[in-house]
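K.L.:
Below is the structure I would like to discuss, written out as structure tokens.
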Protein chains: 2
Amino acid sequence: MNTSERLVTAAAELLDAGGEAAVTLRAVGSAIGVSHNAPYKHFVSRDDLLAAVATSDFRTVADAWKQIRKSVLKPNQRLLDALDVVIRFSQDHPARYRLLFNSPAIAARGGPLTSAADEALSVFAAIVEDGQAAGVFPAAPSDHLAVLIFATAHGLIDADASGRLRTRTGWAEIGTGLQILVRLLSNDRSHVASGQARRRRPGRLERD
Amino acid sequence: MNTSERLVTAAAELLDAGGEAAVTLRAVGSAIGVSHNAPYKHFVSRDDLLAAVATSDFRTVADAWKQIRKSVLKPNQRLLDALDVVIRFSQDHPARYRLLFNSPAIAARGGPLTSAADEALSVFAAIVEDGQAAGVFPAAPSDHLAVLIFATAHGLIDADASGRLRTRTGWAEIGTGLQILVRLLSNDRSHVASGQARRRRPGRLERD
DNA sequence: ACCTGAACACCGTTCAAGT
DNA sequence: ACCTGAACACCGTTCAAGT
């Protein structure tokens with residue numbers, strides 16, 4: 001691994017360990033044994049280093065989604081699995097999740113980060129589109145429906161992270177909300193009336 | 001206005017003008033003609049001052065929602081108007097919106113902020129519940145449905161703020177996405193197939 | 001009770017200098 | 001080409017001192 005990659009790895013670990021505030025250039029440099037401004041030889045600024053972490057994470061998420069899209073699961077379950085990827089990521093790496101979907105200043109930088117984000121989201125949209133083609137999801141334009149679904153997932157994750165959702169609903173898991181959404185959207189409306197989703201095992205959206 | 005209120009007002013104005021980074025205690029103090037650490041006589045920390053701004057804003061939003069709930073509009077339009085309140089707020093005061101729904105460190109403080117947030121969200125839930133009682137929205141537990149709808153709105157606002165939604169969909173307005181959601185959720189499914197919402201006039205969700 | 005001014009321990013960033 | 005160390009202009013926060 002070259003210095004640039006080691007800096008990105010160190011920054012990611014600091015994000016996981018102490019949140020964004022812990023990612024000081026002094027701490028990143030120290031973590032890999034260089035001075036506090038060696039990073040400036042590889043990244044134009046602190047934000048540029050953070051953007052590099054986000055770019056790498058977007059590619060990881062996109063790869064996971066590609067695997068799911070190729071799987072033999074039913075459309076409903078494929079969508080739930082895809083959402084599970086980001087739920088897990090948000091729980092395992094909250095600060096890095098915020099970097100992906102919650103950092104206007106970073107997102108506005110454009111460049112490779114925006115490309116990586118667009119590619120990842122297009123895979124997610126394809127998973128939704130597959131479900132529409134199979135007649136399971138309504139025929140709204142697939143980009144719109146995918147954004148709606150993803151926005152809901154992101155909103156639930158975000159509300160959960162801020163603690164507001166938990167206190168209001170007592171939901172143990174974000175996934176329950178997403179299961180309800182998928183059922184509400186599904187052309188099979190038989191489960192809607194109850195609105196009750198079964199309990200899910202930790203970290204995994206339950207099969208339908 | 002006492003010093004404490006003037007500090008909150010000054011902080012809110014700085015948030016609007018320059019985002020969270022612009023809210024330094026030196027700038028806040030200077031804005032009302034006191035020293036850079038006079039705020040410590042009224043708030044225990046910078047975060048405490050920011051929490052006071054958020055508390056005040058939650059109360060403003062709650063008041064607007066109470067008015068909408070009392071209105072004679074149809075349930076669908078009441079919900080769209082309620083969502084319009086937060087969309088407008090997010091566009092007029094992006095940094096303050098982030099303080100309300102996007103700041104785990106601030107939200108985790110609890111106290112009056114959490115109370116104000118809970119009260120506001122309970123009014124929103126009541127608006128959704130009214131629609132369910134009228135048979136317009138599905139009968140999922142009202143708290144769950146309200147959180148789902150709000151999470152979607154928040155997710156769309158957030159995606160819009162981060163620039164990702166706009167580039168992927170070209171939607172001029174967040175509201176279009178919410179109109180689609182409300183139609184998808186409504187028991188009247190006649191509009192679902194097209195998924196096309198009419199254009200809306202700026203800053204106002206169109207009547208159905 | 002409320003405020004001030006100096007001070008402390010941090011930041012990100014710049015820059016001249018080294019190899 | 002890559003890195004270092006000093007320096008600069010900021011921060012939030014603390015503290016002794018003022019009225």
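Identifiers for the structure tokens are assigned positionally: chains receive A, B, ... in sequence, residues are indexed from 1 per chain, and ligands are indexed from 1 in the order shown.
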Run DSSP on the backbone and tell me which residues of region 115-146 of chain B come out as helix (DSSP H, G or I); list them as number ranges by chain.

P.N.:
B: 115-133, 142-146

K.L.:
Find the nearest atom pair between each residue of chain C and chain B for residues within 12 Å, count only C-alpha atoms (C1' of nucleotides), give distances in Å to one decimal, sort rows by chain and ascending number, and present the table as JSON lines.

P.N.:
```
{"residue": "C:DA1", "atom": "C1'", "partner": "B:Lys41", "partner_atom": "CA", "distance": 9.6}
{"residue": "C:DC2", "atom": "C1'", "partner": "B:Lys41", "partner_atom": "CA", "distance": 7.3}
{"residue": "C:DC3", "atom": "C1'", "partner": "B:Ala38", "partner_atom": "CA", "distance": 6.3}
{"residue": "C:DT4", "atom": "C1'", "partner": "B:Ser35", "partner_atom": "CA", "distance": 6.8}
{"residue": "C:DG5", "atom": "C1'", "partner": "B:Ser35", "partner_atom": "CA", "distance": 9.0}
```

K.L.:
Taking C-alpha atoms (C1' of nucleotides) for each residue, export the selection above as an mmCIF file, in the first residue's frame.

P.N.:
```
data_model
loop_
_atom_site.group_PDB
_atom_site.id
_atom_site.type_symbol
_atom_site.label_atom_id
_atom_site.label_comp_id
_atom_site.auth_asym_id
_atom_site.auth_seq_id
_atom_site.Cartn_x
_atom_site.Cartn_y
_atom_site.Cartn_z
ATOM 1 C "C1'" DA C 1 -25.385 38.161 38.667
ATOM 2 C "C1'" DC C 2 -23.043 39.152 34.627
ATOM 3 C "C1'" DC C 3 -19.134 40.218 31.945
ATOM 4 C "C1'" DT C 4 -14.099 40.847 30.351
ATOM 5 C "C1'" DG C 5 -9.365 39.771 28.812
#
```

K.L.:
If you count only C-alpha atoms (C1' of nucleotides), which residues fall within 12 Å of DC11 (chain D), apart from same-chain ones fewer than 4 positions away, as a list in words?

P.N.:
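Counting only C-alpha atoms (C1' of nucleotides), the residues come to Ala21, Ala22, Val23, Thr24, Leu25, Arg26, Ala27, His36 and Arg46 of chain B; DC8, DA9, DC10, DC11 and DG12 of chain C.
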
K.L.:
Select from chain B every residue with an atom at most 6 Å from any atom of chain A, then for each give the shortest pair of atoms and their distance in Å to one decimal, using only C-alpha atoms, rows by chain and rising number, as a tab-separated table.

P.N.:
```
residue	atom	partner	partner_atom	distance
B:Pro104	CA	A:Ser162	CA	4.3
B:Ala107	CA	A:Ser162	CA	5.9
B:Ala139	CA	A:Ala193	CA	5.5
B:Ala140	CA	A:Gly195	CA	4.3
B:Ala151	CA	A:Gly155	CA	4.1
B:Thr152	CA	A:Thr152	CA	3.9
B:His154	CA	A:Gly155	CA	5.5
B:Gly155	CA	A:Ala151	CA	4.1
B:Leu156	CA	A:Ala151	CA	5.3
B:Ser162	CA	A:Pro104	CA	4.3
B:Ala193	CA	A:Ala139	CA	5.5
B:Gly195	CA	A:Ala140	CA	4.3
```

K.L.:
Considering only C-alpha atoms (C1' of nucleotides), return as a list in words whatever protein or nucleic-acid residues lie within 12 Å of Leu73 (chain B), sequence-local ones (same chain, fewer than 5 positions apart) excluded.

P.N.:
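Skipping anything fewer than 5 positions along the chain leaves Gln67, Ile68, Arg78, Leu79, Leu80, Asp81, Ala82, Ile127, Asp130, Gly131, Arg207 and Asp208 of chain B.
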
K.L.:
Leaving out Leu113 (chain A) and any residue of its chain fewer than 6 positions from it, which residues lie within 7 Å of it when counting only C-alpha atoms (C1' of nucleotides), given as a list in words?

P.N.:
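What passes the distance filter is Ala51, Ala54 and Thr55 of chain A.
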
K.L.:
Tell me, as a ChimeraX atom specification, which residues lie within 7 Å of region 85-95 of chain B, counting only C-alpha atoms (C1' of nucleotides); anything in the same chain fewer than 4 positions away does not count.

P.N.:
/B:15-16,19-20,81,99,157,203

K.L.:
Quick one: of A:Ala126, A:Ala146, A:Val136, A:Val53, who's nearest to Arg183 (chain A), counting only C-alpha atoms?

P.N.:
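Of A:Ala126, A:Ala146, A:Val136, A:Val53, the one nearest Arg183 (chain A), counting only C-alpha atoms, is A:Val136.
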
K.L.:
Report the distance between CA of Ala116 (chain B) and CA of Phe58 (chain B) in Å, rounded to one decimal place.

P.N.:
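Interatomic distance, CA of Ala116 (chain B) to CA of Phe58 (chain B): 5.8 Å.
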
K.L.:
In Å, how far is it from CA of Trp65 (chain A) to CA of Arg6 (chain A)?

P.N.:
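CA of Arg6 (chain A) lies 25.9 Å from CA of Trp65 (chain A).
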
K.L.:
Suppose you want the space between CA of Pro75 (chain A) and CA of Asp63 (chain A); what is it in Å?

P.N.:
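Spanning CA of Pro75 (chain A) to CA of Asp63 (chain A) is a straight-line distance of 18.2 Å.
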